[in-house]
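Visitor: query_28.txt is reproduced in full below (compact mmCIF, C-alpha atoms).
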```
# COMPACT_ATOMS: atom_id res chain seq x y z
CA MET N 236 12.74 12.84 -39.17
CA THR N 237 14.07 16.01 -37.59
CA GLU N 238 15.04 18.87 -39.90
CA ARG N 239 18.03 19.60 -37.66
CA LYS N 240 21.29 19.50 -39.59
CA GLY N 241 23.63 16.90 -38.15
CA ALA N 242 27.34 17.39 -37.45
CA ARG N 243 29.92 16.24 -39.98
CA SER N 244 32.03 14.43 -37.39
CA THR N 245 31.47 13.02 -33.91
CA LYS N 246 33.64 15.69 -32.25
CA ASP N 247 31.42 18.40 -33.76
CA ILE N 248 28.20 17.12 -32.15
CA PRO N 249 27.17 19.67 -29.48
CA GLU N 250 27.25 18.20 -25.95
CA ASN N 251 23.60 19.00 -25.32
CA ILE N 252 22.56 17.26 -28.56
CA LEU N 253 24.58 14.14 -27.77
CA ALA N 254 23.10 14.07 -24.27
CA GLN N 255 19.57 14.26 -25.69
CA LEU N 256 20.38 11.50 -28.19
CA ASN N 257 21.72 9.24 -25.45
CA ARG N 258 18.60 9.86 -23.38
CA GLY N 259 16.38 8.98 -26.34
CA GLU N 260 14.75 12.41 -26.38
CA ILE N 261 15.42 13.26 -30.03
CA GLU N 262 16.11 11.46 -33.30
CA THR N 263 19.47 11.36 -35.02
CA ALA N 264 19.83 13.78 -37.93
CA ASN N 265 22.46 11.81 -39.86
CA LEU N 266 24.70 8.74 -39.80
CA VAL N 267 27.40 10.52 -37.76
CA GLU N 268 24.96 11.05 -34.90
CA TRP N 269 23.56 7.54 -35.30
CA LEU N 270 27.04 6.07 -34.87
CA ALA N 271 27.90 8.35 -31.96
CA ILE N 272 25.14 7.20 -29.61
CA ASP N 273 26.17 5.16 -26.57
CA GLN N 274 23.68 2.31 -26.96
CA ARG N 275 24.32 0.95 -23.46
CA PHE N 276 23.50 4.33 -21.95
CA LEU N 277 20.44 4.74 -24.18
CA LEU N 278 19.26 1.27 -23.15
CA GLU N 279 19.66 2.09 -19.47
CA ASN N 280 17.70 5.32 -19.90
CA LEU N 281 14.94 3.44 -21.74
CA LEU N 282 14.62 0.80 -19.02
CA VAL N 283 14.70 3.36 -16.20
CA GLU N 284 12.06 5.45 -17.97
CA HIS N 285 9.72 2.46 -18.19
CA GLN N 286 10.51 0.89 -14.80
CA ARG N 287 12.19 -2.21 -16.20
CA THR N 288 15.69 -1.88 -14.77
CA ASP N 289 15.78 -5.61 -13.94
CA TYR N 290 16.18 -6.21 -17.70
CA LEU N 291 19.44 -4.25 -17.82
CA LYS N 292 22.01 -6.63 -16.31
CA PRO N 293 21.23 -9.68 -18.51
CA MET N 294 21.10 -7.47 -21.60
CA LEU N 295 24.45 -5.79 -20.88
CA SER N 296 25.89 -9.26 -20.30
CA LYS N 297 24.70 -10.25 -23.79
CA ILE N 298 26.54 -7.26 -25.26
CA ASP N 299 29.71 -8.06 -23.30
CA GLN N 300 29.69 -11.60 -24.73
CA LEU N 301 29.82 -10.37 -28.33
CA LYS N 302 33.02 -11.45 -30.08
CA LYS N 303 32.90 -8.34 -32.22
CA GLN N 304 31.31 -5.19 -30.85
CA THR N 305 30.12 -2.87 -33.61
CA VAL N 306 27.14 -0.55 -33.84
CA ASN N 307 25.21 -3.21 -35.75
CA THR N 308 26.13 -6.19 -33.53
CA ILE N 309 25.24 -4.22 -30.39
CA ASN N 310 22.04 -3.05 -32.06
CA GLU N 311 21.05 -6.64 -32.80
CA ALA N 312 22.10 -7.89 -29.36
CA ILE N 313 19.89 -5.31 -27.66
CA GLY N 314 16.96 -6.16 -29.93
CA THR N 315 17.45 -9.85 -29.14
CA GLY N 316 17.72 -9.10 -25.43
CA LEU N 317 14.57 -7.01 -25.42
CA PHE N 318 12.67 -9.80 -27.12
CA GLU N 319 13.98 -12.43 -24.68
CA GLN N 320 13.13 -10.31 -21.64
CA ALA N 321 9.67 -9.53 -22.96
CA ILE N 322 8.95 -13.23 -23.51
CA LYS N 323 10.44 -14.25 -20.16
CA ASN N 324 8.36 -11.65 -18.31
CA ASN N 325 5.20 -11.91 -20.44
CA ASP N 326 5.73 -8.26 -21.32
CA SER N 327 4.58 -7.83 -24.92
CA ASP N 328 3.25 -4.38 -24.02
CA PHE N 329 6.83 -3.16 -23.66
CA LEU N 330 7.66 -4.29 -27.20
CA THR N 331 4.78 -2.13 -28.44
CA VAL N 332 6.17 0.84 -26.50
CA VAL N 333 9.64 0.29 -27.96
CA SER N 334 8.32 0.01 -31.53
CA LYS N 335 6.71 3.45 -31.23
CA HIS N 336 9.49 5.18 -29.31
CA LYS N 337 10.51 8.68 -30.40
CA ALA N 338 14.19 7.68 -30.62
CA ASP N 339 15.02 6.10 -33.98
CA LEU N 340 17.67 3.79 -32.52
CA VAL N 341 15.13 2.37 -30.07
CA ARG N 342 12.80 1.63 -32.99
CA CYS N 343 15.74 -0.13 -34.65
CA TRP N 344 15.95 -2.44 -31.62
CA ALA N 345 12.23 -3.09 -32.00
CA ALA N 346 12.71 -4.15 -35.62
CA TYR N 347 15.15 -6.83 -34.49
CA THR N 348 12.59 -8.26 -32.07
CA ILE N 349 10.48 -9.25 -35.09
CA GLY N 350 13.29 -11.16 -36.76
CA LYS N 351 14.02 -12.98 -33.50
CA ASN N 352 10.45 -14.19 -33.00
CA GLU N 353 10.51 -17.90 -33.89
CA GLU N 354 6.75 -18.10 -33.36
CA LEU N 355 6.13 -16.03 -36.48
CA ASN N 356 6.06 -17.53 -39.98
CA ILE N 357 7.35 -15.50 -42.90
CA ILE N 358 3.90 -14.05 -43.56
CA GLY N 359 3.71 -12.71 -40.01
CA ILE N 360 7.31 -11.47 -40.07
CA LEU N 361 6.85 -9.43 -43.24
CA GLU N 362 3.48 -8.13 -42.06
CA GLN N 363 5.02 -6.88 -38.82
CA ILE N 364 8.16 -5.43 -40.39
CA GLN N 365 6.32 -3.40 -43.03
CA PRO N 366 5.65 -0.37 -40.78
CA PHE N 367 9.38 -0.26 -39.98
CA SER N 368 10.21 -0.37 -43.70
CA ALA N 369 8.06 2.76 -44.05
CA ASP N 370 9.55 4.55 -41.04
CA LYS N 371 10.31 8.24 -41.55
CA HIS N 372 13.87 7.71 -40.35
CA PHE N 373 16.59 6.35 -42.65
CA GLY N 374 18.22 4.30 -39.87
CA VAL N 375 15.08 2.38 -39.01
CA ARG N 376 14.42 1.64 -42.69
CA GLU N 377 17.91 0.16 -43.11
CA ILE N 378 17.67 -1.97 -39.99
CA SER N 379 14.19 -3.16 -40.98
CA TRP N 380 15.50 -5.26 -43.87
CA LEU N 381 18.65 -6.31 -42.01
CA ALA N 382 16.52 -7.58 -39.12
CA VAL N 383 14.52 -10.02 -41.25
CA ARG N 384 16.89 -10.77 -44.15
CA LYS N 385 17.88 -14.17 -42.77
CA LYS N 386 14.23 -15.23 -42.57
CA ILE N 387 13.64 -13.94 -46.10
CA SER N 388 16.59 -15.97 -47.35
CA GLN N 389 15.35 -19.08 -45.57
CA ASN N 390 11.87 -18.66 -47.08
CA LEU N 391 12.91 -17.15 -50.39
CA ILE N 392 10.14 -18.24 -52.76
CA GLN N 393 7.33 -17.31 -50.41
CA SER N 394 9.05 -14.05 -49.47
CA VAL N 395 9.42 -13.02 -53.12
CA GLU N 396 5.75 -13.82 -53.70
CA ILE N 397 4.73 -11.55 -50.80
CA LEU N 398 7.19 -8.78 -51.58
CA SER N 399 6.17 -8.66 -55.25
CA GLU N 400 2.78 -7.41 -54.02
CA TRP N 401 4.52 -4.60 -52.16
CA THR N 402 5.98 -3.23 -55.41
CA SER N 403 2.70 -1.44 -56.14
CA ASN N 404 2.59 0.25 -52.72
CA GLN N 405 2.28 4.05 -52.87
CA ASP N 406 5.09 4.43 -50.31
CA GLU N 407 8.49 4.50 -52.02
CA ASN N 408 10.12 3.25 -48.81
CA ILE N 409 8.05 0.06 -48.86
CA ARG N 410 8.78 -0.45 -52.57
CA ARG N 411 12.49 0.03 -51.90
CA PHE N 412 12.40 -2.57 -49.11
CA THR N 413 11.45 -5.25 -51.65
CA THR N 414 14.72 -4.89 -53.55
CA GLU N 415 17.01 -3.91 -50.68
CA ALA N 416 15.93 -6.87 -48.53
CA THR N 417 16.61 -9.31 -51.38
CA ARG N 418 19.83 -7.83 -52.77
CA PRO N 419 21.94 -10.87 -53.71
CA ARG N 420 25.13 -9.43 -52.22
CA GLY N 421 23.64 -6.88 -49.87
CA VAL N 422 25.51 -4.53 -47.56
CA TRP N 423 26.73 -5.43 -44.06
CA CYS N 424 24.99 -8.80 -44.32
CA GLU N 425 25.26 -12.36 -45.62
CA HIS N 426 24.75 -12.89 -49.33
CA ILE N 427 21.71 -14.71 -50.70
CA ASP N 428 23.49 -17.35 -52.77
CA GLU N 429 20.28 -18.62 -54.38
CA LEU N 430 19.68 -15.21 -55.98
CA LYS N 431 23.33 -14.80 -56.97
CA GLN N 432 23.00 -17.97 -59.04
CA ASN N 433 19.28 -17.82 -59.98
CA PRO N 434 18.31 -14.13 -60.15
CA GLU N 435 15.27 -14.91 -62.29
CA LEU N 436 13.56 -16.03 -59.06
CA ALA N 437 13.11 -12.35 -58.18
CA LEU N 438 11.78 -11.09 -61.52
CA SER N 439 8.31 -10.62 -60.05
CA ILE N 440 9.85 -7.93 -57.82
CA LEU N 441 12.15 -6.34 -60.39
CA GLU N 442 9.79 -6.12 -63.37
CA PRO N 443 7.14 -3.85 -61.81
CA LEU N 444 9.84 -1.43 -60.66
CA LYS N 445 11.83 -1.05 -63.89
CA SER N 446 10.47 2.47 -64.42
CA ASP N 447 9.85 3.53 -60.82
CA LYS N 448 9.77 7.32 -60.36
CA SER N 449 11.63 7.27 -57.04
CA LYS N 450 15.42 7.67 -57.16
CA TYR N 451 15.55 5.86 -53.80
CA VAL N 452 13.98 2.83 -55.49
CA MET N 453 15.88 3.20 -58.78
CA ASP N 454 19.23 3.16 -56.95
CA SER N 455 18.26 -0.01 -55.12
CA ILE N 456 17.19 -1.85 -58.30
CA GLY N 457 20.37 -0.76 -60.07
CA ASN N 458 22.45 -2.03 -57.17
CA TRP N 459 20.47 -5.30 -57.10
CA LEU N 460 21.27 -5.98 -60.74
CA ASN N 461 24.86 -4.86 -60.36
CA ASP N 462 25.21 -7.44 -57.57
CA VAL N 463 24.03 -10.15 -59.94
CA SER N 464 26.24 -8.95 -62.78
CA LYS N 465 29.20 -10.39 -60.88
CA THR N 466 27.80 -13.95 -61.03
CA CYS N 467 25.30 -13.89 -63.89
CA PRO N 468 26.38 -11.13 -66.29
CA ASP N 469 24.42 -12.57 -69.22
CA PHE N 470 21.19 -12.42 -67.21
CA VAL N 471 21.75 -8.74 -66.45
CA LYS N 472 22.73 -7.84 -70.02
CA GLU N 473 19.72 -9.64 -71.52
CA LEU N 474 17.31 -8.12 -68.98
CA CYS N 475 18.65 -4.61 -69.57
CA GLN N 476 18.42 -5.05 -73.35
CA ARG N 477 14.80 -6.14 -73.02
CA TRP N 478 13.94 -3.28 -70.65
CA GLU N 479 15.55 -0.83 -73.05
CA LYS N 480 13.12 -1.95 -75.77
CA GLU N 481 10.07 -2.18 -73.49
CA SER N 482 10.54 1.07 -71.57
CA GLU N 483 12.02 4.26 -72.98
CA THR N 484 11.66 6.28 -69.78
CA LYS N 485 14.56 8.18 -68.23
CA GLU N 486 14.01 6.12 -65.07
CA THR N 487 14.65 2.85 -66.88
CA LYS N 488 17.71 4.32 -68.57
CA TYR N 489 19.06 5.37 -65.17
CA ILE N 490 18.51 1.89 -63.70
CA ILE N 491 20.17 0.20 -66.69
CA LYS N 492 23.24 2.43 -66.45
CA LYS N 493 23.60 1.64 -62.75
CA ALA N 494 22.98 -2.07 -63.33
CA LEU N 495 25.69 -2.35 -66.00
CA ARG N 496 28.39 -0.30 -64.27
CA THR N 497 30.55 -3.32 -63.37
CA ILE N 498 30.03 -5.04 -66.72
CA ASN N 499 30.94 -1.83 -68.58
CA LYS N 500 34.13 -1.15 -66.63
```
Can the structure in the file be given as structure tokens, please?
Guide:
Amino acid sequence: MTERKGARSTKDIPENILAQLNRGEIETANLVEWLAIDQRFLLENLLVEHQRTDYLKPMLSKIDQLKKQTVNTINEAIGTGLFEQAIKNNDSDFLTVVSKHKADLVRCWAAYTIGKNEELNIIGILEQIQPFSADKHFGVREISWLAVRKKISQNLIQSVEILSEWTSNQDENIRRFTTEATRPRGVWCEHIDELKQNPELALSILEPLKSDKSKYVMDSIGNWLNDVSKTCPDFVKELCQRWEKESETKETKYIIKKALRTINK
């Protein structure tokens, strides 16, 4: 991701920077810039750049039909539209181009095309989303789990089995995906009711990470358990007590404190 320091508010983004962002020439430096991009304009620039302007009208129509237009709903609608146009026109090459685009928001659209592919089983979906979960840009990493969360929820047992193998990955971003994608309450997404009521189903993901060295991962595990503390407080208390005995690291202590923050209020 660029080392450029992003503006603190939309009005403070320099005109030349915003223009470059909307043309897909540079990556966003922070959430303010990410939210400021005109996705319709960026889409048009992408399609013009790659001589696929005939895709634009049906995709803009899809956006216009959204009941609620937010950054995330538009993001998903464009990803869905790109996938539909690629299938309709036998244009899988374009999906490859989009997935490797220099603009982070365009790569976010590409992540959604994976979740929309009904031809893929959960093994294929998770295999294809993993590079996005390891993306250097924070925005792409967040969208990566959002894009496939529904499929994970629908195939929970098999997903947990696959993701538990990712917990030993050297990349902290991939390890973090395992807990963020399965958070029982999640953020900006539907809850996974099965895990809210039966959190033990995900122990094969949680256990290997109880003393992870990455704060990025530790925060996610703490939040995961805090989610569950609202439906299964005894599970969280017992797990934290056991972890306290099994692991005396500062990392485990940090996770436990974060996990119990609602219970200890």
Visitor: Show which residues sit within 9 Å of Phe470 of chain N, as a list in words. Count only C-alpha atoms, and ignore same-chain residues fewer than 5 positions away.
Guide: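 In the requested format, the answer is Pro434, Glu435, Val463, Ser464 and Cys475 of chain N.
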Visitor: Atom CA of Trp380 of chain N and atom CA of Gly314 of chain N are how many Å apart?
Guide: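 That distance, rounded to one decimal, is 14.0 Å.
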Visitor: Please return as a ChimeraX atom specification every residue within 12 Å of (23.0, -6.8, -63.3), taking into account only C-alpha atoms and the file's own coordinates.
Guide: /N:418-420,430-432,434-435,441,455-476,490-499
Visitor: How far is it from atom CA of Lys323 of chain N to atom CA of Tyr290 of chain N, in Å with one decimal?
Guide: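 Atom CA of Tyr290 of chain N lies 10.2 Å from atom CA of Lys323 of chain N.
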Visitor: So how far away is atom CA of Ala264 of chain N from atom CA of Pro249 of chain N, in Å?
Guide: 12.6 Å
Visitor: Determine the nearest neighbour of Phe318 of chain N from the options N:Val306, N:Ile427, N:Ala345, N:Leu436, counting only C-alpha atoms.
Guide: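 Among N:Val306, N:Ile427, N:Ala345, N:Leu436, it is N:Ala345 that comes nearest to Phe318 of chain N.
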Visitor: Would you list the residues near (10.1, -9.5, -57.5), meaning any protein, DNA or RNA residue with an atom at most 12 Å from that point in file coordinates, counting only C-alpha atoms, as a PDB file with C-alpha atoms, keeping the file's coordinate frame?
Guide:
```
ATOM      1  CA  LEU N 391      12.910 -17.150 -50.390  1.00  0.00           C
ATOM      2  CA  ILE N 392      10.140 -18.240 -52.760  1.00  0.00           C
ATOM      3  CA  GLN N 393       7.330 -17.310 -50.410  1.00  0.00           C
ATOM      4  CA  SER N 394       9.050 -14.050 -49.470  1.00  0.00           C
ATOM      5  CA  VAL N 395       9.420 -13.020 -53.120  1.00  0.00           C
ATOM      6  CA  GLU N 396       5.750 -13.820 -53.700  1.00  0.00           C
ATOM      7  CA  ILE N 397       4.730 -11.550 -50.800  1.00  0.00           C
ATOM      8  CA  LEU N 398       7.190  -8.780 -51.580  1.00  0.00           C
ATOM      9  CA  SER N 399       6.170  -8.660 -55.250  1.00  0.00           C
ATOM     10  CA  GLU N 400       2.780  -7.410 -54.020  1.00  0.00           C
ATOM     11  CA  TRP N 401       4.520  -4.600 -52.160  1.00  0.00           C
ATOM     12  CA  THR N 402       5.980  -3.230 -55.410  1.00  0.00           C
ATOM     13  CA  SER N 403       2.700  -1.440 -56.140  1.00  0.00           C
ATOM     14  CA  ARG N 410       8.780  -0.450 -52.570  1.00  0.00           C
ATOM     15  CA  ARG N 411      12.490   0.030 -51.900  1.00  0.00           C
ATOM     16  CA  PHE N 412      12.400  -2.570 -49.110  1.00  0.00           C
ATOM     17  CA  THR N 413      11.450  -5.250 -51.650  1.00  0.00           C
ATOM     18  CA  THR N 414      14.720  -4.890 -53.550  1.00  0.00           C
ATOM     19  CA  GLU N 415      17.010  -3.910 -50.680  1.00  0.00           C
ATOM     20  CA  ALA N 416      15.930  -6.870 -48.530  1.00  0.00           C
ATOM     21  CA  THR N 417      16.610  -9.310 -51.380  1.00  0.00           C
ATOM     22  CA  ARG N 418      19.830  -7.830 -52.770  1.00  0.00           C
ATOM     23  CA  LEU N 430      19.680 -15.210 -55.980  1.00  0.00           C
ATOM     24  CA  PRO N 434      18.310 -14.130 -60.150  1.00  0.00           C
ATOM     25  CA  GLU N 435      15.270 -14.910 -62.290  1.00  0.00           C
ATOM     26  CA  LEU N 436      13.560 -16.030 -59.060  1.00  0.00           C
ATOM     27  CA  ALA N 437      13.110 -12.350 -58.180  1.00  0.00           C
ATOM     28  CA  LEU N 438      11.780 -11.090 -61.520  1.00  0.00           C
ATOM     29  CA  SER N 439       8.310 -10.620 -60.050  1.00  0.00           C
ATOM     30  CA  ILE N 440       9.850  -7.930 -57.820  1.00  0.00           C
ATOM     31  CA  LEU N 441      12.150  -6.340 -60.390  1.00  0.00           C
ATOM     32  CA  GLU N 442       9.790  -6.120 -63.370  1.00  0.00           C
ATOM     33  CA  PRO N 443       7.140  -3.850 -61.810  1.00  0.00           C
ATOM     34  CA  LEU N 444       9.840  -1.430 -60.660  1.00  0.00           C
ATOM     35  CA  LYS N 445      11.830  -1.050 -63.890  1.00  0.00           C
ATOM     36  CA  ILE N 456      17.190  -1.850 -58.300  1.00  0.00           C
ATOM     37  CA  TRP N 459      20.470  -5.300 -57.100  1.00  0.00           C
TER      38      TRP N 459
END
```
Visitor: Since the input has fewer atoms than a full residue there, write segment 454-479 of chain N out with N, CA, C and O atoms, as a PDB file, in the coordinates of the input.
Guide:
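Listed below is the output, selection.pdb:
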```pdb
ATOM      1  N   ASP N 454      17.877   3.478 -57.404  1.00  0.00           N
ATOM      2  CA  ASP N 454      19.230   3.160 -56.950  1.00  0.00           C
ATOM      3  C   ASP N 454      19.297   1.719 -56.427  1.00  0.00           C
ATOM      4  O   ASP N 454      20.261   0.992 -56.700  1.00  0.00           O
ATOM      5  N   SER N 455      18.274   1.327 -55.695  1.00  0.00           N
ATOM      6  CA  SER N 455      18.260  -0.010 -55.120  1.00  0.00           C
ATOM      7  C   SER N 455      18.156  -1.097 -56.194  1.00  0.00           C
ATOM      8  O   SER N 455      18.857  -2.114 -56.130  1.00  0.00           O
ATOM      9  N   ILE N 456      17.317  -0.873 -57.209  1.00  0.00           N
ATOM     10  CA  ILE N 456      17.190  -1.850 -58.300  1.00  0.00           C
ATOM     11  C   ILE N 456      18.500  -1.936 -59.085  1.00  0.00           C
ATOM     12  O   ILE N 456      18.976  -3.025 -59.425  1.00  0.00           O
ATOM     13  N   GLY N 457      19.085  -0.770 -59.363  1.00  0.00           N
ATOM     14  CA  GLY N 457      20.370  -0.760 -60.070  1.00  0.00           C
ATOM     15  C   GLY N 457      21.437  -1.513 -59.307  1.00  0.00           C
ATOM     16  O   GLY N 457      22.218  -2.273 -59.898  1.00  0.00           O
ATOM     17  N   ASN N 458      21.469  -1.322 -58.004  1.00  0.00           N
ATOM     18  CA  ASN N 458      22.450  -2.030 -57.170  1.00  0.00           C
ATOM     19  C   ASN N 458      22.159  -3.529 -57.128  1.00  0.00           C
ATOM     20  O   ASN N 458      23.084  -4.348 -57.114  1.00  0.00           O
ATOM     21  N   TRP N 459      20.884  -3.887 -57.104  1.00  0.00           N
ATOM     22  CA  TRP N 459      20.470  -5.300 -57.100  1.00  0.00           C
ATOM     23  C   TRP N 459      21.042  -6.001 -58.348  1.00  0.00           C
ATOM     24  O   TRP N 459      21.674  -7.062 -58.255  1.00  0.00           O
ATOM     25  N   LEU N 460      20.813  -5.383 -59.485  1.00  0.00           N
ATOM     26  CA  LEU N 460      21.270  -5.980 -60.740  1.00  0.00           C
ATOM     27  C   LEU N 460      22.794  -5.942 -60.864  1.00  0.00           C
ATOM     28  O   LEU N 460      23.399  -6.866 -61.412  1.00  0.00           O
ATOM     29  N   ASN N 461      23.404  -4.912 -60.344  1.00  0.00           N
ATOM     30  CA  ASN N 461      24.860  -4.860 -60.360  1.00  0.00           C
ATOM     31  C   ASN N 461      25.453  -5.983 -59.508  1.00  0.00           C
ATOM     32  O   ASN N 461      26.474  -6.576 -59.868  1.00  0.00           O
ATOM     33  N   ASP N 462      24.804  -6.287 -58.392  1.00  0.00           N
ATOM     34  CA  ASP N 462      25.210  -7.440 -57.570  1.00  0.00           C
ATOM     35  C   ASP N 462      25.255  -8.708 -58.420  1.00  0.00           C
ATOM     36  O   ASP N 462      26.223  -9.462 -58.400  1.00  0.00           O
ATOM     37  N   VAL N 463      24.180  -8.931 -59.152  1.00  0.00           N
ATOM     38  CA  VAL N 463      24.030 -10.150 -59.940  1.00  0.00           C
ATOM     39  C   VAL N 463      24.987 -10.182 -61.134  1.00  0.00           C
ATOM     40  O   VAL N 463      25.407 -11.255 -61.582  1.00  0.00           O
ATOM     41  N   SER N 464      25.354  -9.000 -61.605  1.00  0.00           N
ATOM     42  CA  SER N 464      26.240  -8.950 -62.780  1.00  0.00           C
ATOM     43  C   SER N 464      27.587  -9.610 -62.515  1.00  0.00           C
ATOM     44  O   SER N 464      28.299  -9.974 -63.451  1.00  0.00           O
ATOM     45  N   LYS N 465      27.914  -9.793 -61.240  1.00  0.00           N
ATOM     46  CA  LYS N 465      29.200 -10.390 -60.880  1.00  0.00           C
ATOM     47  C   LYS N 465      29.157 -11.923 -60.925  1.00  0.00           C
ATOM     48  O   LYS N 465      30.205 -12.583 -60.942  1.00  0.00           O
ATOM     49  N   THR N 466      27.950 -12.484 -60.947  1.00  0.00           N
ATOM     50  CA  THR N 466      27.800 -13.950 -61.030  1.00  0.00           C
ATOM     51  C   THR N 466      27.053 -14.383 -62.279  1.00  0.00           C
ATOM     52  O   THR N 466      27.325 -15.440 -62.833  1.00  0.00           O
ATOM     53  N   CYS N 467      26.097 -13.567 -62.706  1.00  0.00           N
ATOM     54  CA  CYS N 467      25.300 -13.890 -63.890  1.00  0.00           C
ATOM     55  C   CYS N 467      25.234 -12.689 -64.840  1.00  0.00           C
ATOM     56  O   CYS N 467      24.165 -12.094 -65.039  1.00  0.00           O
ATOM     57  N   PRO N 468      26.365 -12.326 -65.425  1.00  0.00           N
ATOM     58  CA  PRO N 468      26.380 -11.130 -66.290  1.00  0.00           C
ATOM     59  C   PRO N 468      25.444 -11.227 -67.480  1.00  0.00           C
ATOM     60  O   PRO N 468      24.846 -10.226 -67.880  1.00  0.00           O
ATOM     61  N   ASP N 469      25.299 -12.409 -68.050  1.00  0.00           N
ATOM     62  CA  ASP N 469      24.420 -12.570 -69.220  1.00  0.00           C
ATOM     63  C   ASP N 469      22.970 -12.277 -68.863  1.00  0.00           C
ATOM     64  O   ASP N 469      22.229 -11.675 -69.658  1.00  0.00           O
ATOM     65  N   PHE N 470      22.559 -12.699 -67.672  1.00  0.00           N
ATOM     66  CA  PHE N 470      21.190 -12.420 -67.210  1.00  0.00           C
ATOM     67  C   PHE N 470      20.953 -10.918 -67.171  1.00  0.00           C
ATOM     68  O   PHE N 470      19.921 -10.425 -67.661  1.00  0.00           O
ATOM     69  N   VAL N 471      21.901 -10.188 -66.596  1.00  0.00           N
ATOM     70  CA  VAL N 471      21.750  -8.740 -66.450  1.00  0.00           C
ATOM     71  C   VAL N 471      21.756  -8.058 -67.819  1.00  0.00           C
ATOM     72  O   VAL N 471      20.929  -7.182 -68.096  1.00  0.00           O
ATOM     73  N   LYS N 472      22.659  -8.457 -68.685  1.00  0.00           N
ATOM     74  CA  LYS N 472      22.730  -7.840 -70.020  1.00  0.00           C
ATOM     75  C   LYS N 472      21.444  -8.090 -70.805  1.00  0.00           C
ATOM     76  O   LYS N 472      20.903  -7.168 -71.431  1.00  0.00           O
ATOM     77  N   GLU N 473      20.946  -9.308 -70.774  1.00  0.00           N
ATOM     78  CA  GLU N 473      19.720  -9.640 -71.520  1.00  0.00           C
ATOM     79  C   GLU N 473      18.509  -8.904 -70.955  1.00  0.00           C
ATOM     80  O   GLU N 473      17.662  -8.406 -71.706  1.00  0.00           O
ATOM     81  N   LEU N 474      18.435  -8.821 -69.620  1.00  0.00           N
ATOM     82  CA  LEU N 474      17.310  -8.120 -68.980  1.00  0.00           C
ATOM     83  C   LEU N 474      17.353  -6.636 -69.335  1.00  0.00           C
ATOM     84  O   LEU N 474      16.320  -6.051 -69.697  1.00  0.00           O
ATOM     85  N   CYS N 475      18.526  -6.040 -69.266  1.00  0.00           N
ATOM     86  CA  CYS N 475      18.650  -4.610 -69.570  1.00  0.00           C
ATOM     87  C   CYS N 475      18.333  -4.326 -71.037  1.00  0.00           C
ATOM     88  O   CYS N 475      17.712  -3.306 -71.362  1.00  0.00           O
ATOM     89  N   GLN N 476      18.737  -5.217 -71.927  1.00  0.00           N
ATOM     90  CA  GLN N 476      18.420  -5.050 -73.350  1.00  0.00           C
ATOM     91  C   GLN N 476      16.909  -5.105 -73.581  1.00  0.00           C
ATOM     92  O   GLN N 476      16.355  -4.327 -74.368  1.00  0.00           O
ATOM     93  N   ARG N 477      16.271  -6.017 -72.877  1.00  0.00           N
ATOM     94  CA  ARG N 477      14.800  -6.140 -73.020  1.00  0.00           C
ATOM     95  C   ARG N 477      14.116  -4.911 -72.445  1.00  0.00           C
ATOM     96  O   ARG N 477      13.194  -4.362 -73.064  1.00  0.00           O
ATOM     97  N   TRP N 478      14.549  -4.458 -71.269  1.00  0.00           N
ATOM     98  CA  TRP N 478      13.940  -3.280 -70.650  1.00  0.00           C
ATOM     99  C   TRP N 478      14.135  -2.038 -71.518  1.00  0.00           C
ATOM    100  O   TRP N 478      13.260  -1.178 -71.581  1.00  0.00           O
ATOM    101  N   GLU N 479      15.267  -1.973 -72.186  1.00  0.00           N
ATOM    102  CA  GLU N 479      15.550  -0.830 -73.050  1.00  0.00           C
ATOM    103  C   GLU N 479      14.536  -0.738 -74.193  1.00  0.00           C
ATOM    104  O   GLU N 479      14.127   0.351 -74.607  1.00  0.00           O
TER     105      GLU N 479
END
```
